[in-house]
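With PDB, C-alpha atoms (C1' of nucleotides) inside, this is final-v7.pdb:
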```
ATOM      1  CA  MET A   1      24.022  16.231  34.427
ATOM      2  CA  ALA A   2      20.719  14.688  35.393
ATOM      3  CA  ALA A   3      18.612  17.373  33.717
ATOM      4  CA  SER A   4      15.419  15.677  34.908
ATOM      5  CA  TYR A   5      15.315  17.368  38.313
ATOM      6  CA  VAL A   6      16.666  20.636  36.940
ATOM      7  CA  GLU A   7      13.388  21.391  35.172
ATOM      8  CA  ARG A   8      11.443  20.469  38.287
ATOM      9  CA  VAL A   9      13.504  22.741  40.503
ATOM     10  CA  LEU A  10      13.142  25.664  38.113
ATOM     11  CA  ASP A  11       9.432  24.938  37.819
ATOM     12  CA  VAL A  12       8.887  24.983  41.582
ATOM     13  CA  VAL A  13      10.885  28.186  42.026
ATOM     14  CA  ASP A  14       8.934  29.770  39.210
ATOM     15  CA  ARG A  15       5.674  28.962  41.038
ATOM     16  CA  VAL A  16       6.741  30.743  44.217
ATOM     17  CA  PRO A  17       4.621  33.907  44.534
ATOM     18  CA  ALA A  18       6.201  37.287  45.192
ATOM     19  CA  GLY A  19       6.687  38.013  48.871
ATOM     20  CA  ARG A  20       7.022  34.319  49.668
ATOM     21  CA  VAL A  21      10.169  32.228  50.010
ATOM     22  CA  LEU A  22      11.353  28.636  50.289
ATOM     23  CA  THR A  23      14.404  27.023  51.803
ATOM     24  CA  TYR A  24      16.723  24.885  49.697
ATOM     25  CA  GLY A  25      15.672  21.936  51.793
ATOM     26  CA  ASP A  26      12.000  22.593  51.086
ATOM     27  CA  VAL A  27      12.580  22.802  47.341
ATOM     28  CA  ALA A  28      14.648  19.636  47.472
ATOM     29  CA  GLU A  29      11.814  17.827  49.202
ATOM     30  CA  LEU A  30       9.149  19.178  46.842
ATOM     31  CA  VAL A  31      11.002  18.177  43.699
ATOM     32  CA  GLY A  32      12.372  14.993  45.198
ATOM     33  CA  VAL A  33      16.010  15.950  44.713
ATOM     34  CA  ALA A  34      18.423  13.946  46.797
ATOM     35  CA  GLY A  35      19.900  16.874  48.690
ATOM     36  CA  PRO A  36      19.502  20.623  49.118
ATOM     37  CA  ARG A  37      22.952  21.255  47.677
ATOM     38  CA  GLN A  38      21.741  20.121  44.294
ATOM     39  CA  VAL A  39      19.021  22.773  44.426
ATOM     40  CA  GLY A  40      21.699  25.375  45.011
ATOM     41  CA  ARG A  41      23.735  23.975  42.162
ATOM     42  CA  VAL A  42      20.747  24.113  39.825
ATOM     43  CA  LEU A  43      20.065  27.746  40.675
ATOM     44  CA  ALA A  44      23.752  28.603  40.409
ATOM     45  CA  THR A  45      23.828  27.215  36.875
ATOM     46  CA  TRP A  46      20.367  27.848  35.469
ATOM     47  CA  GLY A  47      18.930  30.131  38.145
ATOM     48  CA  ASP A  48      19.324  33.199  35.980
ATOM     49  CA  ALA A  49      15.954  32.344  34.420
ATOM     50  CA  VAL A  50      13.953  32.153  37.650
ATOM     51  CA  ALA A  51      13.332  34.058  40.908
ATOM     52  CA  TRP A  52      16.288  32.448  42.686
ATOM     53  CA  TRP A  53      16.195  35.060  45.454
ATOM     54  CA  ARG A  54      12.944  33.456  46.694
ATOM     55  CA  VAL A  55      14.986  30.382  47.572
ATOM     56  CA  LEU A  56      17.096  30.900  50.666
ATOM     57  CA  ARG A  57      18.902  29.031  53.382
ATOM     58  CA  ALA A  58      17.265  27.474  56.433
ATOM     59  CA  ASP A  59      18.296  30.387  58.646
ATOM     60  CA  GLY A  60      16.769  33.013  56.360
ATOM     61  CA  THR A  61      20.012  34.212  54.843
ATOM     62  CA  HIS A  62      21.866  33.747  51.559
ATOM     63  CA  ALA A  63      25.498  33.108  50.736
ATOM     64  CA  PRO A  64      27.652  36.271  50.902
ATOM     65  CA  ARG A  65      27.739  36.401  47.134
ATOM     66  CA  LEU A  66      23.927  36.722  46.880
ATOM     67  CA  ARG A  67      23.149  38.505  50.116
ATOM     68  CA  ALA A  68      23.141  42.033  48.670
ATOM     69  CA  GLU A  69      21.164  41.249  45.525
ATOM     70  CA  ALA A  70      18.688  38.899  47.198
ATOM     71  CA  THR A  71      17.977  41.228  50.104
ATOM     72  CA  ARG A  72      17.278  44.056  47.692
ATOM     73  CA  ARG A  73      14.851  41.972  45.617
ATOM     74  CA  LEU A  74      13.048  40.499  48.628
ATOM     75  CA  ARG A  75      12.625  43.918  50.186
ATOM     76  CA  ALA A  76      11.197  45.190  46.892
ATOM     77  CA  GLU A  77       8.624  42.393  46.932
ATOM     78  CA  GLY A  78       7.590  43.125  50.489
ATOM     79  CA  THR A  79       8.969  39.908  51.911
ATOM     80  CA  PRO A  80       8.764  39.805  55.742
ATOM     81  CA  MET A  81      12.257  40.685  56.949
ATOM     82  CA  ARG A  82      13.720  40.583  60.438
ATOM     83  CA  ASP A  83      16.373  42.928  61.673
ATOM     84  CA  GLY A  84      19.728  42.152  60.127
ATOM     85  CA  GLY A  85      18.398  41.596  56.605
ATOM     86  CA  ARG A  86      17.227  38.107  57.454
ATOM     87  CA  VAL A  87      13.926  36.805  56.095
ATOM     88  CA  ASP A  88      11.225  35.872  58.597
ATOM     89  CA  LEU A  89      10.704  32.292  57.467
ATOM     90  CA  ALA A  90       7.857  31.776  59.931
ATOM     91  CA  ALA A  91       5.827  34.342  57.982
ATOM     92  CA  ALA A  92       7.280  34.197  54.468
ATOM     93  CA  ARG A  93       7.704  30.459  54.028
ATOM     94  CA  TRP A  94       5.595  29.222  51.138
ATOM     95  CA  ALA A  95       3.723  25.965  51.619
ATOM     96  CA  GLY A  96       3.641  25.082  47.946
TER      97      GLY A  96
ATOM     98  C1'  DA B   1      39.497   5.843  39.250
ATOM     99  C1'  DG B   2      40.512   9.566  43.230
ATOM    100  C1'  DC B   3      40.261  14.241  45.242
ATOM    101  C1'  DC B   4      38.362  18.897  45.907
ATOM    102  C1'  DT B   5      34.694  22.229  45.798
ATOM    103  C1'  DG B   6      30.003  24.061  46.566
ATOM    104  C1'  DA B   7      23.993  29.671  46.159
ATOM    105  C1'  DC B   8      23.051  23.466  52.092
ATOM    106  C1'  DA B   9      21.287  21.390  56.651
ATOM    107  C1'  DG B  10      21.661  19.688  61.116
ATOM    108  C1'  DA B  11      24.232  18.751  65.226
ATOM    109  C1'  DT B  12      27.603  20.061  68.399
ATOM    110  C1'  DA B  13      30.886  23.133  71.311
TER     111       DA B  13
ATOM    112  C1'  DG C   1      24.790  34.561  69.372
ATOM    113  C1'  DT C   2      29.205  32.475  66.344
ATOM    114  C1'  DA C   3      32.512  28.659  64.872
ATOM    115  C1'  DT C   4      33.321  24.066  63.309
ATOM    116  C1'  DC C   5      32.293  19.230  61.656
ATOM    117  C1'  DT C   6      29.891  15.820  59.214
ATOM    118  C1'  DG C   7      26.656  13.943  55.631
ATOM    119  C1'  DC C   8      24.698  14.587  51.364
ATOM    120  C1'  DC C   9      24.928  14.612  45.753
ATOM    121  C1'  DA C  10      26.835  16.389  41.475
ATOM    122  C1'  DG C  11      30.523  18.445  38.792
ATOM    123  C1'  DG C  12      35.311  19.714  37.557
ATOM    124  C1'  DC C  13      40.188  18.454  37.287
TER     125       DC C  13
END
```
Please express the file's structure as structure tokens.
Amino acid sequence: MAASYVERVLDVVDRVPAGRVLTYGDVAELVGVAGPRQVGRVLATWGDAVAWWRVLRADGTHAPRLRAEATRRLRAEGTPMRDGGRVDLAAARWAG
DNA sequence: AGCCTGACAGATA
DNA sequence: GTATCTGCCAGGC
């Protein structure tokens, strides 16, 4: 693996304040990773050490596997949520 | 080497 | 609004 960007991804996610979120695409752009899928891969493998639930998809939802856990955590942090358990990206998106 | 899969995004129907 | 396709990069077999 190219562990170089892994540290950067984890670092960025770790800097995201509670109640704020980022899309995979945003993280990818911030760290310079060539593709949002790699961000997801990083979190899937080493995400257990960071606040992975603050990184979500462009439509404000997570994959079915994470939906329950992530929604619970985000709600506990006071993240702006829209009806349906979706995150209000317009209000919760972190600039960095 | 080739082929399939994935915690994605954007476009299209 | 949902369903499907394509492009992207990395990893596993």
Got a sec to resolve the PyMOL selection byres ((chain A) within 7 of (chain C)) on this structure and send the residues as a count of residues only? 3
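Here the PyMOL selection byres ((chain B) within 9 of (chain A)) catches exactly these residues: DG6, DA7, DC8 and DA9 of chain B.
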What would the file look like if the residues just selected were written as a short mmCIF file (atom, residue, chain, number, x, y, z; two decimals), in the frame of the given file with C-alpha atoms (C1' of nucleotides)?
```
data_model
loop_
_atom_site.label_atom_id
_atom_site.label_comp_id
_atom_site.auth_asym_id
_atom_site.auth_seq_id
_atom_site.Cartn_x
_atom_site.Cartn_y
_atom_site.Cartn_z
"C1'" DG B 6 30.00 24.06 46.57
"C1'" DA B 7 23.99 29.67 46.16
"C1'" DC B 8 23.05 23.47 52.09
"C1'" DA B 9 21.29 21.39 56.65
#
```
Polymer residues at most 8 Å from Val9 in chain A, all atoms listed in the file, same-chain spacing of 3 or more positions, as a list in words: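 Skipping anything fewer than 3 positions along the chain leaves Tyr5, Val6, Val12, Val13, Val27, Ala28, Val31, Val39 and Val42 of chain A.
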Report, as lines of an AutoDock Vina configuration file, the axis-aligned box around all atoms of range 5-12 of chain B present in the file, extended by 6 Å on each side; give centre and edge lengths in Å to one decimal place.
```
center_x = 28.0
center_y = 24.2
center_z = 57.1
size_x = 25.4
size_y = 22.9
size_z = 34.6
```
Using CA of Gly78 in chain A and CA of Ala92 in chain A as the two end points, give the distance in Å to one decimal.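 About the pair CA of Gly78 in chain A and CA of Ala92 in chain A: they are 9.8 Å apart.
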What's the separation between CA of Val87 in chain A and CA of Gly60 in chain A, in Å to one decimal place?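 Separation of CA of Val87 in chain A and CA of Gly60 in chain A: 4.7 Å.
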To one decimal in Å, tell me the separation between CA of Gly19 in chain A and CA of Pro80 in chain A. 7.4 Å
The PyMOL selection byres ((chain A and resi 71) around 9) applied to the shown file, residues as a compact mmCIF listing (two decimals) with C-alpha atoms, in the coordinates of the input:
```
# COMPACT_ATOMS: atom_id res chain seq x y z
CA TRP A 53 16.20 35.06 45.45
CA THR A 61 20.01 34.21 54.84
CA HIS A 62 21.87 33.75 51.56
CA LEU A 66 23.93 36.72 46.88
CA ARG A 67 23.15 38.51 50.12
CA ALA A 68 23.14 42.03 48.67
CA GLU A 69 21.16 41.25 45.52
CA ALA A 70 18.69 38.90 47.20
CA ARG A 72 17.28 44.06 47.69
CA ARG A 73 14.85 41.97 45.62
CA LEU A 74 13.05 40.50 48.63
CA ARG A 75 12.62 43.92 50.19
CA ALA A 76 11.20 45.19 46.89
CA MET A 81 12.26 40.68 56.95
CA GLY A 85 18.40 41.60 56.60
CA ARG A 86 17.23 38.11 57.45
CA VAL A 87 13.93 36.80 56.10
```
Please identify all polymer residues within 10 Å of Pro17 in chain A, counting only C-alpha atoms (C1' of nucleotides), omitting same-chain residues fewer than 6 positions from it, and present them as a ChimeraX atom specification. /A:51,54,77,94,96
